[in-house]
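Note: the block below is work_6.pdb and it holds PDB, C-alpha atoms, pLDDT in the B column.
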ATOM      1  CA  MET A   6       0.000   0.000   0.000  1.00 61.00           C
ATOM      2  CA  ASN A   7       1.573   3.312  -1.008  1.00 88.00           C
ATOM      3  CA  GLU A   8       1.933   6.079   1.569  1.00 88.00           C
ATOM      4  CA  LYS A   9      -0.762   8.349   0.091  1.00 90.00           C
ATOM      5  CA  LYS A  10      -3.337   5.529   0.054  1.00 92.00           C
ATOM      6  CA  ARG A  11      -2.315   4.535   3.591  1.00 92.00           C
ATOM      7  CA  GLU A  12      -2.867   8.079   4.885  1.00 93.00           C
ATOM      8  CA  GLN A  13      -6.227   8.339   3.088  1.00 95.00           C
ATOM      9  CA  THR A  14      -7.350   5.056   4.660  1.00 95.00           C
ATOM     10  CA  LYS A  15      -6.296   6.216   8.135  1.00 95.00           C
ATOM     11  CA  ALA A  16      -8.111   9.536   7.617  1.00 95.00           C
ATOM     12  CA  ILE A  17     -11.340   7.713   6.692  1.00 96.00           C
ATOM     13  CA  ILE A  18     -11.023   5.419   9.711  1.00 97.00           C
ATOM     14  CA  LYS A  19     -10.453   8.390  12.051  1.00 97.00           C
ATOM     15  CA  GLU A  20     -13.374  10.326  10.614  1.00 97.00           C
ATOM     16  CA  CYS A  21     -15.792   7.410  10.903  1.00 97.00           C
ATOM     17  CA  PHE A  22     -14.529   6.622  14.399  1.00 97.00           C
ATOM     18  CA  ALA A  23     -15.100  10.230  15.527  1.00 96.00           C
ATOM     19  CA  GLN A  24     -18.636  10.262  14.142  1.00 96.00           C
ATOM     20  CA  LEU A  25     -19.406   6.925  15.812  1.00 96.00           C
ATOM     21  CA  VAL A  26     -18.117   8.251  19.152  1.00 96.00           C
ATOM     22  CA  ILE A  27     -20.412  11.264  18.854  1.00 94.00           C
ATOM     23  CA  ASP A  28     -23.393   9.117  17.834  1.00 94.00           C
ATOM     24  CA  LYS A  29     -22.949   5.999  20.007  1.00 94.00           C
ATOM     25  CA  GLY A  30     -20.423   6.871  22.661  1.00 94.00           C
ATOM     26  CA  PHE A  31     -16.833   5.669  22.889  1.00 95.00           C
ATOM     27  CA  ASP A  32     -17.635   2.723  25.145  1.00 95.00           C
ATOM     28  CA  SER A  33     -20.189   1.352  22.669  1.00 95.00           C
ATOM     29  CA  VAL A  34     -18.054   1.662  19.531  1.00 97.00           C
ATOM     30  CA  THR A  35     -16.521  -1.583  18.263  1.00 96.00           C
ATOM     31  CA  VAL A  36     -13.992  -2.325  15.554  1.00 96.00           C
ATOM     32  CA  SER A  37     -16.850  -3.972  13.633  1.00 96.00           C
ATOM     33  CA  ASP A  38     -18.785  -0.678  13.812  1.00 97.00           C
ATOM     34  CA  ILE A  39     -15.772   1.172  12.433  1.00 97.00           C
ATOM     35  CA  ALA A  40     -15.307  -1.394   9.649  1.00 96.00           C
ATOM     36  CA  ARG A  41     -18.987  -1.114   8.657  1.00 96.00           C
ATOM     37  CA  ALA A  42     -18.875   2.692   8.685  1.00 97.00           C
ATOM     38  CA  THR A  43     -15.708   2.836   6.589  1.00 96.00           C
ATOM     39  CA  LYS A  44     -16.777  -0.003   4.290  1.00 95.00           C
ATOM     40  CA  PHE A  45     -13.312  -1.503   4.923  1.00 95.00           C
ATOM     41  CA  ASN A  46     -12.885  -4.952   6.335  1.00 92.00           C
ATOM     42  CA  ARG A  47     -11.612  -5.441   9.870  1.00 94.00           C
ATOM     43  CA  GLY A  48      -8.245  -6.543   8.484  1.00 94.00           C
ATOM     44  CA  THR A  49      -7.754  -3.099   6.970  1.00 94.00           C
ATOM     45  CA  PHE A  50      -8.447  -1.533  10.354  1.00 95.00           C
ATOM     46  CA  TYR A  51      -5.921  -3.857  12.012  1.00 96.00           C
ATOM     47  CA  LEU A  52      -3.251  -2.933   9.450  1.00 94.00           C
ATOM     48  CA  HIS A  53      -3.257   0.535  10.999  1.00 95.00           C
ATOM     49  CA  TYR A  54      -4.400   0.134  14.619  1.00 96.00           C
ATOM     50  CA  LEU A  55      -4.267  -2.517  17.333  1.00 97.00           C
ATOM     51  CA  ASP A  56      -7.773  -1.718  18.610  1.00 97.00           C
ATOM     52  CA  LYS A  57     -10.053   1.249  19.267  1.00 96.00           C
ATOM     53  CA  PHE A  58      -7.869   2.330  22.201  1.00 96.00           C
ATOM     54  CA  ASP A  59      -4.797   2.497  19.967  1.00 97.00           C
ATOM     55  CA  LEU A  60      -6.813   4.532  17.446  1.00 97.00           C
ATOM     56  CA  LEU A  61      -7.966   6.857  20.229  1.00 96.00           C
ATOM     57  CA  GLU A  62      -4.416   7.310  21.508  1.00 96.00           C
ATOM     58  CA  LYS A  63      -3.055   8.088  18.046  1.00 96.00           C
ATOM     59  CA  LEU A  64      -5.886  10.541  17.361  1.00 96.00           C
ATOM     60  CA  GLU A  65      -5.251  12.340  20.660  1.00 96.00           C
ATOM     61  CA  ASP A  66      -1.496  12.363  20.052  1.00 96.00           C
ATOM     62  CA  ASP A  67      -1.942  13.851  16.566  1.00 96.00           C
ATOM     63  CA  LEU A  68      -4.199  16.593  17.884  1.00 96.00           C
ATOM     64  CA  LEU A  69      -1.962  17.438  20.839  1.00 96.00           C
ATOM     65  CA  LYS A  70       1.084  17.520  18.557  1.00 96.00           C
ATOM     66  CA  GLY A  71      -0.742  19.893  16.206  1.00 96.00           C
ATOM     67  CA  PHE A  72      -1.747  22.210  19.043  1.00 95.00           C
ATOM     68  CA  LYS A  73       1.789  22.121  20.446  1.00 93.00           C
ATOM     69  CA  GLU A  74       3.231  23.105  17.063  1.00 93.00           C
ATOM     70  CA  LYS A  75       0.855  26.077  16.866  1.00 92.00           C
ATOM     71  CA  PHE A  76       1.779  27.254  20.369  1.00 87.00           C
ATOM     72  CA  GLU A  77       5.511  26.718  19.800  1.00 85.00           C
ATOM     73  CA  ALA A  78       5.353  28.789  16.622  1.00 83.00           C
ATOM     74  CA  GLY A  79       4.351  31.715  18.835  1.00 74.00           C
ATOM     75  CA  VAL A  80       7.118  31.340  21.427  1.00 69.00           C
ATOM     76  CA  GLY A  81       8.623  34.692  22.222  1.00 65.00           C
ATOM     77  CA  LYS A  82       5.605  36.569  20.894  1.00 62.00           C
ATOM     78  CA  THR A  83       4.026  37.902  24.061  1.00 60.00           C
ATOM     79  CA  TYR A  84       1.254  40.423  24.215  1.00 56.00           C
ATOM     80  CA  GLY A  85       1.440  42.818  27.120  1.00 54.00           C
ATOM     81  CA  LEU A  86       1.068  40.775  30.279  1.00 50.00           C
ATOM     82  CA  CYS A  87      -0.255  37.755  28.403  1.00 60.00           C
ATOM     83  CA  LEU A  88       2.189  34.934  27.732  1.00 65.00           C
ATOM     84  CA  MET A  89       0.384  33.956  24.538  1.00 73.00           C
ATOM     85  CA  HIS A  90      -0.021  36.348  21.651  1.00 79.00           C
ATOM     86  CA  PRO A  91      -3.588  36.533  20.290  1.00 85.00           C
ATOM     87  CA  ASP A  92      -2.291  35.507  16.846  1.00 89.00           C
ATOM     88  CA  THR A  93      -0.897  32.306  18.375  1.00 89.00           C
ATOM     89  CA  ILE A  94      -4.237  31.554  19.999  1.00 90.00           C
ATOM     90  CA  VAL A  95      -6.053  32.235  16.713  1.00 93.00           C
ATOM     91  CA  SER A  96      -3.669  29.879  14.915  1.00 93.00           C
ATOM     92  CA  ALA A  97      -4.406  27.125  17.473  1.00 93.00           C
ATOM     93  CA  MET A  98      -8.148  27.776  17.162  1.00 94.00           C
ATOM     94  CA  ASN A  99      -7.994  27.562  13.359  1.00 95.00           C
ATOM     95  CA  PHE A 100      -6.253  24.191  13.794  1.00 96.00           C
ATOM     96  CA  ALA A 101      -9.138  23.207  16.091  1.00 94.00           C
ATOM     97  CA  LEU A 102     -11.658  24.248  13.437  1.00 94.00           C
ATOM     98  CA  LYS A 103      -9.924  22.050  10.839  1.00 95.00           C
ATOM     99  CA  ASN A 104     -10.119  19.152  13.296  1.00 96.00           C
ATOM    100  CA  ASN A 105     -13.546  20.015  14.687  1.00 94.00           C
ATOM    101  CA  LEU A 106     -15.096  16.557  14.266  1.00 94.00           C
ATOM    102  CA  PHE A 107     -12.250  14.825  16.089  1.00 95.00           C
ATOM    103  CA  ILE A 108     -12.114  17.324  18.935  1.00 94.00           C
ATOM    104  CA  LYS A 109     -15.868  17.320  19.338  1.00 92.00           C
ATOM    105  CA  ALA A 110     -15.806  13.511  19.610  1.00 94.00           C
ATOM    106  CA  LEU A 111     -13.081  13.623  22.249  1.00 94.00           C
ATOM    107  CA  ILE A 112     -14.750  16.234  24.437  1.00 93.00           C
ATOM    108  CA  SER A 113     -18.388  15.309  23.921  1.00 87.00           C
ATOM    109  CA  GLU A 114     -20.482  13.728  26.660  1.00 86.00           C
ATOM    110  CA  ASN A 115     -20.182  10.431  24.765  1.00 83.00           C
ATOM    111  CA  GLY A 116     -16.448  10.768  24.320  1.00 85.00           C
ATOM    112  CA  PRO A 117     -13.663   9.187  26.308  1.00 89.00           C
ATOM    113  CA  LEU A 118     -12.482  11.025  29.377  1.00 85.00           C
ATOM    114  CA  GLY A 119      -9.200  12.812  29.571  1.00 90.00           C
ATOM    115  CA  PHE A 120      -8.540  14.858  26.429  1.00 93.00           C
ATOM    116  CA  ILE A 121      -9.056  18.230  28.115  1.00 92.00           C
ATOM    117  CA  GLU A 122      -6.674  17.220  30.917  1.00 92.00           C
ATOM    118  CA  LYS A 123      -4.087  16.107  28.345  1.00 94.00           C
ATOM    119  CA  PHE A 124      -4.537  19.414  26.514  1.00 93.00           C
ATOM    120  CA  LYS A 125      -4.091  21.306  29.778  1.00 92.00           C
ATOM    121  CA  LEU A 126      -0.924  19.336  30.572  1.00 93.00           C
ATOM    122  CA  MET A 127       0.482  20.094  27.098  1.00 93.00           C
ATOM    123  CA  LEU A 128      -0.304  23.781  27.576  1.00 89.00           C
ATOM    124  CA  ARG A 129       1.270  23.767  31.064  1.00 88.00           C
ATOM    125  CA  GLU A 130       4.456  22.186  29.691  1.00 88.00           C
ATOM    126  CA  HIS A 131       4.519  24.682  26.831  1.00 83.00           C
ATOM    127  CA  LEU A 132       4.105  27.697  29.100  1.00 79.00           C
ATOM    128  CA  ARG A 133       6.780  26.432  31.483  1.00 78.00           C
ATOM    129  CA  THR A 134       9.320  26.521  28.651  1.00 75.00           C
ATOM    130  CA  GLN A 135       8.948  30.283  28.554  1.00 68.00           C
ATOM    131  CA  ARG A 136      11.439  31.910  30.877  1.00 59.00           C
ATOM    132  CA  ALA A 137       9.154  34.702  32.060  1.00 63.00           C
ATOM    133  CA  TYR A 138       6.237  32.397  32.814  1.00 64.00           C
ATOM    134  CA  LEU A 139       6.579  31.715  36.544  1.00 60.00           C
ATOM    135  CA  THR A 140       7.948  35.187  37.279  1.00 64.00           C
ATOM    136  CA  THR A 141       5.008  36.750  35.466  1.00 67.00           C
ATOM    137  CA  LEU A 142       2.555  34.516  37.302  1.00 67.00           C
ATOM    138  CA  SER A 143       4.094  35.403  40.619  1.00 62.00           C
ATOM    139  CA  ARG A 144       3.944  39.156  39.981  1.00 66.00           C
ATOM    140  CA  ARG A 145       0.485  39.125  38.445  1.00 67.00           C
ATOM    141  CA  PHE A 146      -1.226  37.000  41.024  1.00 66.00           C
ATOM    142  CA  GLY A 147       0.309  38.511  44.144  1.00 70.00           C
ATOM    143  CA  ASN A 148      -0.090  36.398  47.246  1.00 70.00           C
ATOM    144  CA  VAL A 149      -1.436  33.320  45.501  1.00 74.00           C
ATOM    145  CA  PRO A 150       1.179  30.523  45.521  1.00 77.00           C
ATOM    146  CA  LYS A 151       2.592  29.878  42.031  1.00 77.00           C
ATOM    147  CA  GLU A 152       1.114  26.389  41.688  1.00 80.00           C
ATOM    148  CA  TYR A 153      -2.390  27.732  42.375  1.00 82.00           C
ATOM    149  CA  ALA A 154      -1.908  30.758  40.141  1.00 78.00           C
ATOM    150  CA  GLU A 155      -0.771  28.428  37.357  1.00 81.00           C
ATOM    151  CA  GLU A 156      -3.801  26.174  37.833  1.00 85.00           C
ATOM    152  CA  ILE A 157      -6.180  29.146  37.789  1.00 82.00           C
ATOM    153  CA  LEU A 158      -4.611  30.489  34.592  1.00 82.00           C
ATOM    154  CA  LEU A 159      -4.730  27.090  32.861  1.00 87.00           C
ATOM    155  CA  ALA A 160      -8.305  26.473  34.014  1.00 88.00           C
ATOM    156  CA  ARG A 161      -9.388  29.821  32.584  1.00 86.00           C
ATOM    157  CA  VAL A 162      -7.761  29.186  29.215  1.00 87.00           C
ATOM    158  CA  THR A 163      -8.816  25.538  28.827  1.00 90.00           C
ATOM    159  CA  SER A 164     -12.379  26.201  30.012  1.00 91.00           C
ATOM    160  CA  ILE A 165     -12.887  28.925  27.437  1.00 92.00           C
ATOM    161  CA  LEU A 166     -11.377  26.810  24.658  1.00 91.00           C
ATOM    162  CA  ALA A 167     -13.336  23.689  25.663  1.00 91.00           C
ATOM    163  CA  LEU A 168     -16.637  25.561  25.675  1.00 92.00           C
ATOM    164  CA  TRP A 169     -15.867  27.016  22.252  1.00 94.00           C
ATOM    165  CA  MET A 170     -14.780  23.638  20.857  1.00 91.00           C
ATOM    166  CA  LYS A 171     -17.980  21.925  22.044  1.00 90.00           C
ATOM    167  CA  LYS A 172     -20.152  24.261  19.998  1.00 90.00           C
ATOM    168  CA  ASP A 173     -21.337  23.417  16.505  1.00 87.00           C
ATOM    169  CA  VAL A 174     -19.288  25.173  13.840  1.00 84.00           C
ATOM    170  CA  SER A 175     -22.218  27.442  12.923  1.00 89.00           C
ATOM    171  CA  GLU A 176     -22.474  28.601  16.562  1.00 92.00           C
ATOM    172  CA  LYS A 177     -18.780  29.231  17.171  1.00 91.00           C
ATOM    173  CA  GLU A 178     -17.589  32.773  17.654  1.00 94.00           C
ATOM    174  CA  GLU A 179     -14.737  33.962  15.474  1.00 94.00           C
ATOM    175  CA  PRO A 180     -11.339  32.752  16.721  1.00 94.00           C
ATOM    176  CA  ARG A 181     -10.154  36.364  17.190  1.00 93.00           C
ATOM    177  CA  THR A 182     -13.085  37.086  19.535  1.00 94.00           C
ATOM    178  CA  ILE A 183     -12.211  34.096  21.703  1.00 93.00           C
ATOM    179  CA  ALA A 184      -8.473  34.884  21.556  1.00 91.00           C
ATOM    180  CA  ASP A 185      -9.179  38.391  22.838  1.00 89.00           C
ATOM    181  CA  MET A 186     -11.318  36.917  25.619  1.00 89.00           C
ATOM    182  CA  ILE A 187      -8.537  34.504  26.608  1.00 87.00           C
ATOM    183  CA  VAL A 188      -5.994  37.328  26.670  1.00 83.00           C
ATOM    184  CA  ARG A 189      -8.316  39.392  28.847  1.00 82.00           C
ATOM    185  CA  PHE A 190      -8.967  36.594  31.341  1.00 79.00           C
ATOM    186  CA  ALA A 191      -5.351  35.380  31.287  1.00 73.00           C
ATOM    187  CA  THR A 192      -4.091  38.833  32.233  1.00 68.00           C
ATOM    188  CA  ASP A 193      -6.746  39.720  34.807  1.00 66.00           C
ATOM    189  CA  PRO A 194      -5.017  39.497  38.180  1.00 61.00           C
ATOM    190  CA  ILE A 195      -6.362  37.158  40.809  1.00 54.00           C
ATOM    191  CA  ARG A 196      -7.445  39.031  43.875  1.00 51.00           C
ATOM    192  CA  ALA A 197      -5.985  37.473  46.990  1.00 45.00           C
TER
END

For the file at hand, write its structure as structure tokens.
Amino acid sequence: MNEKKREQTKAIIKECFAQLVIDKGFDSVTVSDIARATKFNRGTFYLHYLDKFDLLEKLEDDLLKGFKEKFEAGVGKTYGLCLMHPDTIVSAMNFALKNNLFIKALISENGPLGFIEKFKLMLREHLRTQRAYLTTLSRRFGNVPKEYAEEILLARVTSILALWMKKDVSEKEEPRTIADMIVRFATDPIRA
């Protein structure tokens, strides 16, 4: 199987899997369901994935890698007191729009647990690579211990993004609107 055909097959499997998760719930989806939805046989599925958990892990890894690349592209581009430039946030949100079906499946009520926490961990690790991060947190949030200030900041950012990602595409606000909101809430000091 040539590489282009292999990637097309994997894309079809991922898309059908995501739709099945939204419709049936992750726990109810079987490899047979995926094979029926893709019109591939089970053997084709097993050429690419060990089981639905392997597929889930690879889907999550691909998404987290994509988000990480968008955030890393903005390293060094701060915006006032905010550690993430609005353009970087918009870039990450546009990536989310391109992967809307997958993200919606992972964070839906029927989806598997854990993607938002994995996203938050990736964001935490990314922010910690920036030299000014902990110093800025400490100054901005006054008497709040750094670990709590960090958790509050990450909760604000991930909550806003998760709410936006759960919406249907037609209901989503423009990425710039949400980016501006994140910047505003990420720079608003915590009152001790």

**OP:** Please write the residues picked by the PyMOL selection byres ((chain A and resi 116) around 7) on this file as an MDAnalysis selection string.
**Re:** chainID A and resid 26:27 30:31 110:115 117:118

Step by step, work through what the PyMOL selection byres ((chain A and resi 165-176) around 8) selects in the shown file, and finish by giving those residues as a PDB file with C-alpha atoms, in the coordinates of the input.
ATOM      1  CA  ALA A 101      -9.138  23.207  16.091  1.00 94.00           C
ATOM      2  CA  LEU A 102     -11.658  24.248  13.437  1.00 94.00           C
ATOM      3  CA  ASN A 105     -13.546  20.015  14.687  1.00 94.00           C
ATOM      4  CA  ILE A 108     -12.114  17.324  18.935  1.00 94.00           C
ATOM      5  CA  LYS A 109     -15.868  17.320  19.338  1.00 92.00           C
ATOM      6  CA  ILE A 112     -14.750  16.234  24.437  1.00 93.00           C
ATOM      7  CA  SER A 113     -18.388  15.309  23.921  1.00 87.00           C
ATOM      8  CA  ILE A 121      -9.056  18.230  28.115  1.00 92.00           C
ATOM      9  CA  ARG A 161      -9.388  29.821  32.584  1.00 86.00           C
ATOM     10  CA  VAL A 162      -7.761  29.186  29.215  1.00 87.00           C
ATOM     11  CA  THR A 163      -8.816  25.538  28.827  1.00 90.00           C
ATOM     12  CA  SER A 164     -12.379  26.201  30.012  1.00 91.00           C
ATOM     13  CA  LYS A 177     -18.780  29.231  17.171  1.00 91.00           C
ATOM     14  CA  GLU A 178     -17.589  32.773  17.654  1.00 94.00           C
ATOM     15  CA  ILE A 183     -12.211  34.096  21.703  1.00 93.00           C
ATOM     16  CA  ILE A 187      -8.537  34.504  26.608  1.00 87.00           C
TER      17      ILE A 187
END

Env of Leu52 (chain A): 12 Å cut, atoms = all atoms listed in the file, seq-sep filter 6 positions within chain, self excluded. Answer as a short mmCIF file (atom, residue, chain, number, x, y, z; two decimals) with C-alpha atoms, in the coordinates of the input.
data_model
loop_
_atom_site.label_atom_id
_atom_site.label_comp_id
_atom_site.auth_asym_id
_atom_site.auth_seq_id
_atom_site.Cartn_x
_atom_site.Cartn_y
_atom_site.Cartn_z
CA MET A 6 0.00 0.00 0.00
CA ARG A 11 -2.32 4.54 3.59
CA GLU A 12 -2.87 8.08 4.88
CA THR A 14 -7.35 5.06 4.66
CA LYS A 15 -6.30 6.22 8.14
CA ILE A 18 -11.02 5.42 9.71
CA PHE A 45 -13.31 -1.50 4.92
CA ASN A 46 -12.88 -4.95 6.34
CA ASP A 59 -4.80 2.50 19.97
CA LEU A 60 -6.81 4.53 17.45
#

Fill in: Exercise: Lys63 (chain A) partners within 12 Å, only C-alpha atoms, chain neighbours under 2 positions left out, as an MDAnalysis selection string
chainID A and resid 15:16 18:19 53:61 65:70 107

Computed gap from CA of Phe190 (chain A) to CA of Glu122 (chain A) is 19.5 Å

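Note that CA of Ile39 (chain A) and CA of Phe124 (chain A) are 25.6 Å apart.
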
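Using all atoms listed in the file, the nearest neighbour of Thr35 (chain A) within the list A:Phe120, A:Tyr153, A:Phe76, A:Phe22 is A:Phe22.
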
Separating CA of Glu130 (chain A) from CA of Pro180 (chain A), to the nearest tenth of an Å, is a gap of 23.0 Å

Pick out the residues sitting within 12 Å of Asp185 (chain A), and hand them over as an NGL selection string; count all atoms listed in the file, and ignore anything fewer than 4 positions along from it in its own chain. :A and (84 or 87 or 89-95 or 162 or 165-166 or 178-181 or 189-192)

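Closest to Gly119 (chain A) among A:Glu156, A:Glu8, A:Asp28, A:Glu62 is A:Glu62, based on all atoms listed in the file.
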
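Between Leu158 (chain A) and the residues A:Arg47, A:Lys75, A:Arg129, A:Lys9, the shortest atom-to-atom distance, using all atoms listed in the file, involves A:Arg129.
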
From the list A:Thr49, A:Ala78, A:Lys125, A:Met98, the nearest residue to Lys10 (chain A) using all atoms listed in the file is A:Thr49
